[in-house]
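Input: a single structure, listed below in structure tokens.
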Amino acid sequence: MKIRFQVTGMTCAACSARVEKVTRQTAGVNNAEVNLLANTMVVEAKDENVIPAIQKAVSDAGYGAIPEMPGKKAAPRQAPQENPLKEMKTRLIASAVFLIILMYFTMGHMVGLPVPMWYHHNPLMAALLQFFLTLPVVYLNRVYYSRGLKALWHRAPNMDSLIAVGSLAALIYGAAALFRMAAAMGNGDMETAHQYGENLYFESASMILTLITLGKFLETRAKGKTGDAIRALMDLSPKTATVRRDGVETEVAVEDVRLGDMVIVRSGGRIPVDGTVLSGRASVDQSALTGESVPVEKAVGDTVAAATINTEGYLEFRADKVGEDTTLSQIIRMVEEAGGSKAPIARLADKIAGVFVPVVMGIALIAFAVWMIAKGDLEFALNIGISVLVISCPCALGLATPVAIMVGTGRGARMGLLFKNAEALENLHKVDTVVVDKTGTLTTGKPAVTDIIPGGLQEVELLKLAAALEEKSEHPFAKAVLEKAAGVDHPQAANFETIPGKGVSGVIEGKKFFGGNGRLMEELGVRIPALPDSVDAGGTPLHFASENGIYLGTIVAADVLKADSVAAVAAMKKMHLNVVMLTGDNEKTAKAIAAKAGIDRVISDVLPGDKAGAVERLRKEGHKVVMVGDGINDAPALVTADVGLAIGNGTDIAIESADVVLMNGSLMGVGNAVALSRATIRNIRENLFWAFFYNCLGIPVAAGALYPAFRILLNPMIGAAAMSFSSVFVVSNALRLRFFKPKEIASKPINNVEHTTIKEETTMKTVIHVEGMMCDHCKMHVENACKGVAGVTDAVVDLAAKNVTVTGDADLAALKAAITEAGYQVVD
């Protein structure tokens, strides 16, 4: 089982490495992963009985571990940065005030500022003034000493240990100098007293602590922005919901909505939970969840998701998923888990961070000893040792990967791309082959009429006959015919009969007609002419004939490509990805569809159980494969691929089988996901380069490597400033991913009904002014009344304009009568 902890006291990568190490060594723990950015740890353990042992191990290491209570969400605790920022800001301002006063006395005379005469004539008084101006800064920033020295005591030094030892060394040296000055002045040796007074390190200690706090403040403020995506998702959920219980509408907190409640959402309102529409219709903006910019029409029987917006209309729906089961909660949980997981690229940084601080302290000690022996100058050697300690911060190293992962996964969520873990985000940038399932992924998943070829009947008459015969059929192609014939009056067929495996028959106006495949026509002795070359090669023809063997015509239906499939394939090719279509269709049909989509390689005649084998063969050829499917039927193939990518619909997320989920169901998301992965890994590499380069360059300079040849030394104050801003740079660089946008690919969307030859009739729209409409209930009644009139295909009410726009060829008198009967007044 997985147990999540909030970990306190961690400040750098060395801390997280230490917490992981002691936790993994605890009996009953299989694995532990710490998220330094969110201060959390996920532990894989046998059971909950191991929690006390984990807490003790972490506590003994100098940190704290608080287990999360079941059902309690961690996201709100991760996101806020206000409290730490407020405390740091207060500490920073107060430290800066004392530091400025201290710098005025110690360096003011260098820039011509007036300094009291006694300050220069009495070195002991000047030294005491510096000492007492430094003490408040030390007290305000005592957290570095409490954490750093505690970690040092537990033999697990961290960043705070470096700061504590470095600043404490300067402070102790200065305090010792005070005693030497007092002794010298007591003996009348003013020269020695002045010599010590000019080489105190109090301003260095104050400057180091203040600059470190400034860097931490800027880093924390920047890190707060990495959780913007999660906070934005959380803010999408409304605080209250309107439910109908026992016939009474009541406003309740969204947490109090129960399964089965009747939820009401009016125009402009946010949908609070997932559910199924039982009454009404509306245009719903799903862009926050799926990235779709165009509102989706919702009617009775459709599903709605929490956090989407009813832009226009009225909905009553049954609550099917509430609380942590809603789509929004699943998305937030996935983004949190992905942001908190570790990418393989982070392992090198973690290994280095685990030994980094002890090595640095060893280097500082060696540098101090070498220069002490070489020059015999305690002040010089101390300066070298302090510089090495304060410049060697492992923060940038520890932040390089997690900040980029968190920002990258958050940006993906805003684009409708949900990464299950950081490993998927990293692995995607390596893929060179995209295997695409055909049905429901490359195509719409439902047939549509593509061609109408007249024979003994003209086009419109043939469509009417086909609609009459297919009206009672359950075949998917029958639905395609009826959709094509929507709005066209057709006769009713009597004595309807299904001919298994061949087609249907029925009696229309006293005559028997047949519709079906080539085998049925062959049995009836009907001669079918050759179909035109323009007919969809991937379609299935439905032939129609009369009982006396006369060929009446053919209607071709096919599972057509999605509107953006061609553009998506072009985008992937432009990114140098090999696109392969995987389908169970026969080779001829598969190649026809692949040619339309622009796909060069096809693997056809594959049974569902053999898809995983086809993916494995591609991997054995040396390809890095991403499999794109529906996440359910293609589960074995999704798991077999290097990265499994599921096409989701925003309410049915295939989390178990896929590594990445495309919320909006668009194939364009595949290229976008790969592009985001490449951008994120590039950002991580930049961060790691900066962190390694900074330390590889800074530590030798601080240790005095340039002094023998160039007489260059690094001042500890400059080292502290450089160390602080290295972390700020890494976090700021990662934040650039928030503005990531995939490159646009110029490609025209396809027309799903490419070869249809039937002439569409002009659609008539009638606008009727109606008085008496005051609310969404009125709107719904008027729309339903109009839709009940023969010939009406749609009706939309505009409450503000007090009119209804009716689409279709309906009798105006019948429309007026229907509206009047509904209780409203027709003005014009």
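Each chain in the structure tokens gets a letter, A, B and so on, in the order shown; residues start at 1 in every chain, and ligands are counted from 1 in the order they appear.
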Q.
To test your reading of the structure, identify every residue in stretch 576-801 of chain A that backbone DSSP assigns to strand (DSSP E), and report it as an NGL selection string.
A. :A and (578-582 or 601-603 or 625-629 or 643-647 or 660-662 or 765-771 or 792-798)
Might you pull out every residue within 10 Å of A:Asn687, with only C-alpha atoms counted and same-chain residues fewer than 3 positions away left off, and present them as a PDB file with C-alpha atoms, in the first residue's frame?
ATOM      1  CA  ALA A 396      19.895  24.360  -7.365  1.00  0.00           C
ATOM      2  CA  LEU A 397      20.871  20.731  -7.892  1.00  0.00           C
ATOM      3  CA  GLY A 398      17.875  19.470  -5.931  1.00  0.00           C
ATOM      4  CA  LEU A 399      15.397  21.835  -7.578  1.00  0.00           C
ATOM      5  CA  ALA A 400      16.564  21.315 -11.166  1.00  0.00           C
ATOM      6  CA  THR A 401      14.259  18.378 -11.896  1.00  0.00           C
ATOM      7  CA  VAL A 403      10.304  22.232 -10.471  1.00  0.00           C
ATOM      8  CA  ALA A 404      10.424  21.502 -14.204  1.00  0.00           C
ATOM      9  CA  ILE A 681      13.512  17.568 -20.638  1.00  0.00           C
ATOM     10  CA  ARG A 682      15.396  20.383 -22.385  1.00  0.00           C
ATOM     11  CA  ASN A 683      14.516  22.639 -19.436  1.00  0.00           C
ATOM     12  CA  ILE A 684      15.699  20.012 -16.910  1.00  0.00           C
ATOM     13  CA  TRP A 690      23.624  25.334 -14.565  1.00  0.00           C
ATOM     14  CA  ALA A 691      23.693  23.606 -11.168  1.00  0.00           C
ATOM     15  CA  PHE A 692      26.693  21.400 -12.034  1.00  0.00           C
ATOM     16  CA  PHE A 693      28.544  24.167 -13.892  1.00  0.00           C
ATOM     17  CA  SER A 726      21.598  30.052  -8.447  1.00  0.00           C
ATOM     18  CA  SER A 727      18.419  28.525  -6.959  1.00  0.00           C
ATOM     19  CA  PHE A 729      17.698  31.083 -11.611  1.00  0.00           C
ATOM     20  CA  VAL A 730      16.812  27.376 -11.751  1.00  0.00           C
ATOM     21  CA  VAL A 731      13.231  27.943 -10.541  1.00  0.00           C
ATOM     22  CA  SER A 732      12.725  30.939 -12.868  1.00  0.00           C
ATOM     23  CA  ASN A 733      13.991  28.932 -15.831  1.00  0.00           C
ATOM     24  CA  ALA A 734      11.523  26.131 -15.048  1.00  0.00           C
TER      25      ALA A 734
END
Q: Would you list, as a PyMOL selection string, the residues of stretch 138-242 of chain A that end up in helix (DSSP H, G or I) under DSSP run on this structure's backbone?
A: chain A and resi 138-140+143-153+159-186+190-197+202-226+228-236
Q | Close residues, stretch 552-560 of chain A itself excluded, 7 Å, only C-alpha atoms, min 5 positions apart in chain, as a PyMOL selection string | A | chain A and resi 443-457+462+477+538-545+752
What does the file look like for those residues with N, CA, C and O atoms, as an mmCIF file, in the first residue's frame?
data_model
loop_
_atom_site.group_PDB
_atom_site.id
_atom_site.type_symbol
_atom_site.label_atom_id
_atom_site.label_comp_id
_atom_site.auth_asym_id
_atom_site.auth_seq_id
_atom_site.Cartn_x
_atom_site.Cartn_y
_atom_site.Cartn_z
ATOM 1 N N THR A 443 -10.220 7.501 -36.374
ATOM 2 C CA THR A 443 -11.548 7.758 -36.943
ATOM 3 C C THR A 443 -12.543 8.111 -35.840
ATOM 4 O O THR A 443 -12.223 8.038 -34.661
ATOM 5 N N THR A 444 -13.743 8.474 -36.243
ATOM 6 C CA THR A 444 -14.761 8.885 -35.270
ATOM 7 C C THR A 444 -15.295 7.715 -34.463
ATOM 8 O O THR A 444 -15.856 7.898 -33.386
ATOM 9 N N GLY A 445 -15.165 6.495 -35.009
ATOM 10 C CA GLY A 445 -15.658 5.321 -34.301
ATOM 11 C C GLY A 445 -17.095 4.987 -34.619
ATOM 12 O O GLY A 445 -17.633 3.992 -34.150
ATOM 13 N N LYS A 446 -17.747 5.794 -35.448
ATOM 14 C CA LYS A 446 -19.114 5.469 -35.876
ATOM 15 C C LYS A 446 -19.242 5.776 -37.367
ATOM 16 O O LYS A 446 -18.725 6.782 -37.851
ATOM 17 N N PRO A 447 -19.927 4.915 -38.123
ATOM 18 C CA PRO A 447 -20.015 5.097 -39.572
ATOM 19 C C PRO A 447 -20.804 6.344 -39.956
ATOM 20 O O PRO A 447 -21.666 6.813 -39.216
ATOM 21 N N ALA A 448 -20.488 6.859 -41.127
ATOM 22 C CA ALA A 448 -21.227 7.977 -41.713
ATOM 23 C C ALA A 448 -21.343 7.725 -43.207
ATOM 24 O O ALA A 448 -20.488 7.068 -43.814
ATOM 25 N N VAL A 449 -22.427 8.213 -43.791
ATOM 26 C CA VAL A 449 -22.633 8.044 -45.230
ATOM 27 C C VAL A 449 -21.636 8.906 -45.988
ATOM 28 O O VAL A 449 -21.501 10.104 -45.730
ATOM 29 N N THR A 450 -20.898 8.285 -46.909
ATOM 30 C CA THR A 450 -19.905 9.019 -47.699
ATOM 31 C C THR A 450 -20.287 9.157 -49.169
ATOM 32 O O THR A 450 -19.846 10.094 -49.822
ATOM 33 N N ASP A 451 -21.102 8.208 -49.685
ATOM 34 C CA ASP A 451 -21.470 8.252 -51.104
ATOM 35 C C ASP A 451 -22.902 7.762 -51.306
ATOM 36 O O ASP A 451 -23.349 6.826 -50.617
ATOM 37 N N ILE A 452 -23.602 8.393 -52.224
ATOM 38 C CA ILE A 452 -24.926 7.919 -52.657
ATOM 39 C C ILE A 452 -24.902 7.801 -54.171
ATOM 40 O O ILE A 452 -24.731 8.798 -54.887
ATOM 41 N N ILE A 453 -25.024 6.564 -54.661
ATOM 42 C CA ILE A 453 -24.951 6.301 -56.106
ATOM 43 C C ILE A 453 -26.342 5.877 -56.594
ATOM 44 O O ILE A 453 -26.820 4.789 -56.236
ATOM 45 N N PRO A 454 -27.024 6.708 -57.388
ATOM 46 C CA PRO A 454 -28.376 6.372 -57.843
ATOM 47 C C PRO A 454 -28.363 5.248 -58.885
ATOM 48 O O PRO A 454 -27.391 5.060 -59.610
ATOM 49 N N GLY A 455 -29.464 4.490 -58.914
ATOM 50 C CA GLY A 455 -29.644 3.440 -59.923
ATOM 51 C C GLY A 455 -31.022 3.622 -60.524
ATOM 52 O O GLY A 455 -31.256 4.546 -61.304
ATOM 53 N N GLY A 456 -31.966 2.759 -60.101
ATOM 54 C CA GLY A 456 -33.334 2.896 -60.589
ATOM 55 C C GLY A 456 -34.066 4.054 -59.929
ATOM 56 O O GLY A 456 -35.155 4.441 -60.388
ATOM 57 N N LEU A 457 -33.531 4.607 -58.877
ATOM 58 C CA LEU A 457 -34.124 5.762 -58.182
ATOM 59 C C LEU A 457 -33.150 6.929 -58.174
ATOM 60 O O LEU A 457 -31.929 6.750 -58.200
ATOM 61 N N LEU A 462 -33.848 7.488 -53.337
ATOM 62 C CA LEU A 462 -33.077 6.359 -52.829
ATOM 63 C C LEU A 462 -32.829 6.516 -51.327
ATOM 64 O O LEU A 462 -32.928 5.554 -50.561
ATOM 65 N N PHE A 477 -24.596 0.771 -39.503
ATOM 66 C CA PHE A 477 -24.747 1.472 -40.774
ATOM 67 C C PHE A 477 -26.166 2.017 -40.943
ATOM 68 O O PHE A 477 -26.381 2.992 -41.642
ATOM 69 N N GLY A 538 -12.536 2.857 -48.614
ATOM 70 C CA GLY A 538 -12.588 2.202 -47.317
ATOM 71 C C GLY A 538 -13.995 2.006 -46.805
ATOM 72 O O GLY A 538 -14.187 1.555 -45.667
ATOM 73 N N GLY A 539 -14.988 2.303 -47.624
ATOM 74 C CA GLY A 539 -16.374 2.224 -47.180
ATOM 75 C C GLY A 539 -17.006 0.865 -47.444
ATOM 76 O O GLY A 539 -16.472 0.013 -48.150
ATOM 77 N N THR A 540 -18.195 0.690 -46.858
ATOM 78 C CA THR A 540 -18.975 -0.540 -47.051
ATOM 79 C C THR A 540 -20.235 -0.197 -47.830
ATOM 80 O O THR A 540 -21.049 0.634 -47.380
ATOM 81 N N PRO A 541 -20.448 -0.794 -49.018
ATOM 82 C CA PRO A 541 -21.625 -0.464 -49.823
ATOM 83 C C PRO A 541 -22.878 -1.208 -49.353
ATOM 84 O O PRO A 541 -22.828 -2.386 -48.993
ATOM 85 N N LEU A 542 -24.005 -0.496 -49.326
ATOM 86 C CA LEU A 542 -25.315 -1.080 -49.049
ATOM 87 C C LEU A 542 -26.133 -0.932 -50.329
ATOM 88 O O LEU A 542 -26.443 0.183 -50.760
ATOM 89 N N HIS A 543 -26.461 -2.068 -50.947
ATOM 90 C CA HIS A 543 -27.179 -2.044 -52.221
ATOM 91 C C HIS A 543 -28.676 -2.188 -51.971
ATOM 92 O O HIS A 543 -29.101 -2.886 -51.034
ATOM 93 N N PHE A 544 -29.469 -1.576 -52.824
ATOM 94 C CA PHE A 544 -30.940 -1.621 -52.687
ATOM 95 C C PHE A 544 -31.554 -2.096 -53.998
ATOM 96 O O PHE A 544 -31.108 -1.729 -55.094
ATOM 97 N N ALA A 545 -32.604 -2.933 -53.846
ATOM 98 C CA ALA A 545 -33.270 -3.495 -55.029
ATOM 99 C C ALA A 545 -34.735 -3.755 -54.720
ATOM 100 O O ALA A 545 -35.138 -3.864 -53.556
ATOM 101 N N ASN A 752 -15.416 15.083 -43.428
ATOM 102 C CA ASN A 752 -15.751 13.683 -43.164
ATOM 103 C C ASN A 752 -16.627 13.064 -44.230
ATOM 104 O O ASN A 752 -16.648 11.866 -44.424
#
**Q.** Pick from A:Val34, A:Leu200, A:Leu662, A:Met780 nearest to A:Leu418, counting only C-alpha atoms
**A.**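 Under the stated criterion, the closest residue is A:Leu662.
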Q: Excluding A:Tyr63 and residues on its chain fewer than 3 positions from it, collect all residues at most 9 Å away from it, counting only C-alpha atoms, and give them as a list in words.
A: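 Listed by chain and then number, they are Val7, Thr8, Gly9, Met10, Cys15, Val19, Gln55, Ala57, Val58, Ser59, Asp60, Arg147 and Ala151 of chain A.
In terms of minimum interatomic distance to A:Leu378, A:Asn199 ranks closest within A:Leu463, A:Gly215, A:Asn199, A:Ser206, counting only C-alpha atoms.
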Q: Extract, using only C-alpha atoms, all DNA, RNA and protein residues at most 10 Å from A:Met361, discarding same-chain residues fewer than 2 positions from it, and format them as a PyMOL selection string.
A: chain A and resi 157+161-162+165-166+356-359+363-367+385-386+388-389+392
Q) Between A:Thr303, A:Gln195, A:Thr210, A:Thr11, which is the closest to A:Met717 once you count only C-alpha atoms? A) A:Thr210
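The residue that comes closest to A:Arg601, out of A:Met103, A:Gly503, A:Thr433, A:Gly629 and on the basis of only C-alpha atoms, is A:Thr433.
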Q | Atomic distance atom CA of A:Tyr314 - atom CA of A:Val265, expressed in Å with one decimal | A | 6.2 Å
Q: Might you pull out every residue within 8 Å of stretch 604-621 of chain A, with only C-alpha atoms counted and same-chain residues fewer than 4 positions away left off, and present them as a PyMOL selection string?
A: chain A and resi 435+581-587+590+625+627+633-634+636-638+640-641
Would you save the residues from that selection as a PDB file, in the first residue's frame, using N, CA, C and O atoms?
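Saved to result-v4.pdb:
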ATOM      1  N   VAL A 435       2.258   4.459 -32.803  1.00  0.00           N
ATOM      2  CA  VAL A 435       1.328   3.448 -33.300  1.00  0.00           C
ATOM      3  C   VAL A 435      -0.083   3.915 -32.946  1.00  0.00           C
ATOM      4  O   VAL A 435      -0.399   4.116 -31.772  1.00  0.00           O
ATOM      5  N   MET A 581      -0.364   2.812 -38.496  1.00  0.00           N
ATOM      6  CA  MET A 581      -1.757   2.534 -38.160  1.00  0.00           C
ATOM      7  C   MET A 581      -1.926   1.049 -37.879  1.00  0.00           C
ATOM      8  O   MET A 581      -1.490   0.205 -38.653  1.00  0.00           O
ATOM      9  N   LEU A 582      -2.556   0.751 -36.748  1.00  0.00           N
ATOM     10  CA  LEU A 582      -2.777  -0.637 -36.317  1.00  0.00           C
ATOM     11  C   LEU A 582      -4.282  -0.898 -36.303  1.00  0.00           C
ATOM     12  O   LEU A 582      -5.032  -0.192 -35.635  1.00  0.00           O
ATOM     13  N   THR A 583      -4.735  -1.906 -37.067  1.00  0.00           N
ATOM     14  CA  THR A 583      -6.176  -2.134 -37.176  1.00  0.00           C
ATOM     15  C   THR A 583      -6.489  -3.592 -37.480  1.00  0.00           C
ATOM     16  O   THR A 583      -5.652  -4.328 -38.007  1.00  0.00           O
ATOM     17  N   GLY A 584      -7.693  -3.984 -37.156  1.00  0.00           N
ATOM     18  CA  GLY A 584      -8.168  -5.323 -37.486  1.00  0.00           C
ATOM     19  C   GLY A 584      -8.825  -5.382 -38.844  1.00  0.00           C
ATOM     20  O   GLY A 584      -9.216  -6.454 -39.302  1.00  0.00           O
ATOM     21  N   ASP A 585      -8.967  -4.239 -39.535  1.00  0.00           N
ATOM     22  CA  ASP A 585      -9.574  -4.204 -40.869  1.00  0.00           C
ATOM     23  C   ASP A 585      -8.710  -4.944 -41.880  1.00  0.00           C
ATOM     24  O   ASP A 585      -7.509  -5.154 -41.672  1.00  0.00           O
ATOM     25  N   ASN A 586      -9.354  -5.307 -43.022  1.00  0.00           N
ATOM     26  CA  ASN A 586      -8.593  -5.950 -44.089  1.00  0.00           C
ATOM     27  C   ASN A 586      -7.621  -4.942 -44.702  1.00  0.00           C
ATOM     28  O   ASN A 586      -7.751  -3.730 -44.523  1.00  0.00           O
ATOM     29  N   GLU A 587      -6.649  -5.444 -45.409  1.00  0.00           N
ATOM     30  CA  GLU A 587      -5.557  -4.606 -45.918  1.00  0.00           C
ATOM     31  C   GLU A 587      -6.049  -3.499 -46.840  1.00  0.00           C
ATOM     32  O   GLU A 587      -5.596  -2.349 -46.757  1.00  0.00           O
ATOM     33  N   ALA A 590      -7.840  -0.790 -44.811  1.00  0.00           N
ATOM     34  CA  ALA A 590      -6.876  -0.132 -43.943  1.00  0.00           C
ATOM     35  C   ALA A 590      -5.989   0.832 -44.730  1.00  0.00           C
ATOM     36  O   ALA A 590      -5.746   1.964 -44.298  1.00  0.00           O
ATOM     37  N   VAL A 625       8.471   3.243 -28.870  1.00  0.00           N
ATOM     38  CA  VAL A 625       7.089   3.268 -29.354  1.00  0.00           C
ATOM     39  C   VAL A 625       6.131   3.904 -28.354  1.00  0.00           C
ATOM     40  O   VAL A 625       6.172   3.587 -27.158  1.00  0.00           O
ATOM     41  N   MET A 627       2.079   4.003 -27.987  1.00  0.00           N
ATOM     42  CA  MET A 627       0.845   3.420 -28.502  1.00  0.00           C
ATOM     43  C   MET A 627      -0.314   4.330 -28.143  1.00  0.00           C
ATOM     44  O   MET A 627      -0.470   4.728 -26.988  1.00  0.00           O
ATOM     45  N   ASN A 633      -9.964  -1.204 -24.815  1.00  0.00           N
ATOM     46  CA  ASN A 633      -9.783  -2.329 -25.734  1.00  0.00           C
ATOM     47  C   ASN A 633      -8.312  -2.551 -26.079  1.00  0.00           C
ATOM     48  O   ASN A 633      -7.906  -3.667 -26.405  1.00  0.00           O
ATOM     49  N   ASP A 634      -7.529  -1.478 -26.035  1.00  0.00           N
ATOM     50  CA  ASP A 634      -6.123  -1.578 -26.420  1.00  0.00           C
ATOM     51  C   ASP A 634      -5.198  -1.667 -25.210  1.00  0.00           C
ATOM     52  O   ASP A 634      -4.004  -1.394 -25.326  1.00  0.00           O
ATOM     53  N   PRO A 636      -3.651  -4.082 -23.454  1.00  0.00           N
ATOM     54  CA  PRO A 636      -2.382  -4.825 -23.530  1.00  0.00           C
ATOM     55  C   PRO A 636      -1.322  -4.099 -24.356  1.00  0.00           C
ATOM     56  O   PRO A 636      -0.151  -4.081 -23.985  1.00  0.00           O
ATOM     57  N   ALA A 637      -1.741  -3.513 -25.476  1.00  0.00           N
ATOM     58  CA  ALA A 637      -0.787  -2.791 -26.327  1.00  0.00           C
ATOM     59  C   ALA A 637      -0.293  -1.525 -25.639  1.00  0.00           C
ATOM     60  O   ALA A 637       0.879  -1.152 -25.759  1.00  0.00           O
ATOM     61  N   LEU A 638      -1.182  -0.858 -24.909  1.00  0.00           N
ATOM     62  CA  LEU A 638      -0.793   0.366 -24.194  1.00  0.00           C
ATOM     63  C   LEU A 638       0.266   0.065 -23.136  1.00  0.00           C
ATOM     64  O   LEU A 638       1.198   0.843 -22.930  1.00  0.00           O
ATOM     65  N   THR A 640       2.323  -2.552 -23.188  1.00  0.00           N
ATOM     66  CA  THR A 640       3.529  -3.081 -23.840  1.00  0.00           C
ATOM     67  C   THR A 640       4.413  -1.973 -24.391  1.00  0.00           C
ATOM     68  O   THR A 640       5.642  -2.092 -24.371  1.00  0.00           O
ATOM     69  N   ALA A 641       3.811  -0.888 -24.879  1.00  0.00           N
ATOM     70  CA  ALA A 641       4.573   0.206 -25.492  1.00  0.00           C
ATOM     71  C   ALA A 641       5.450   0.905 -24.462  1.00  0.00           C
ATOM     72  O   ALA A 641       5.243   0.799 -23.256  1.00  0.00           O
TER      73      ALA A 641
END
Q. With only C-alpha atoms as the atoms that count, which of A:Gly622, A:Gly487, A:Gly280, A:Pro529 lies nearest to A:Lys430?
A. A:Gly622
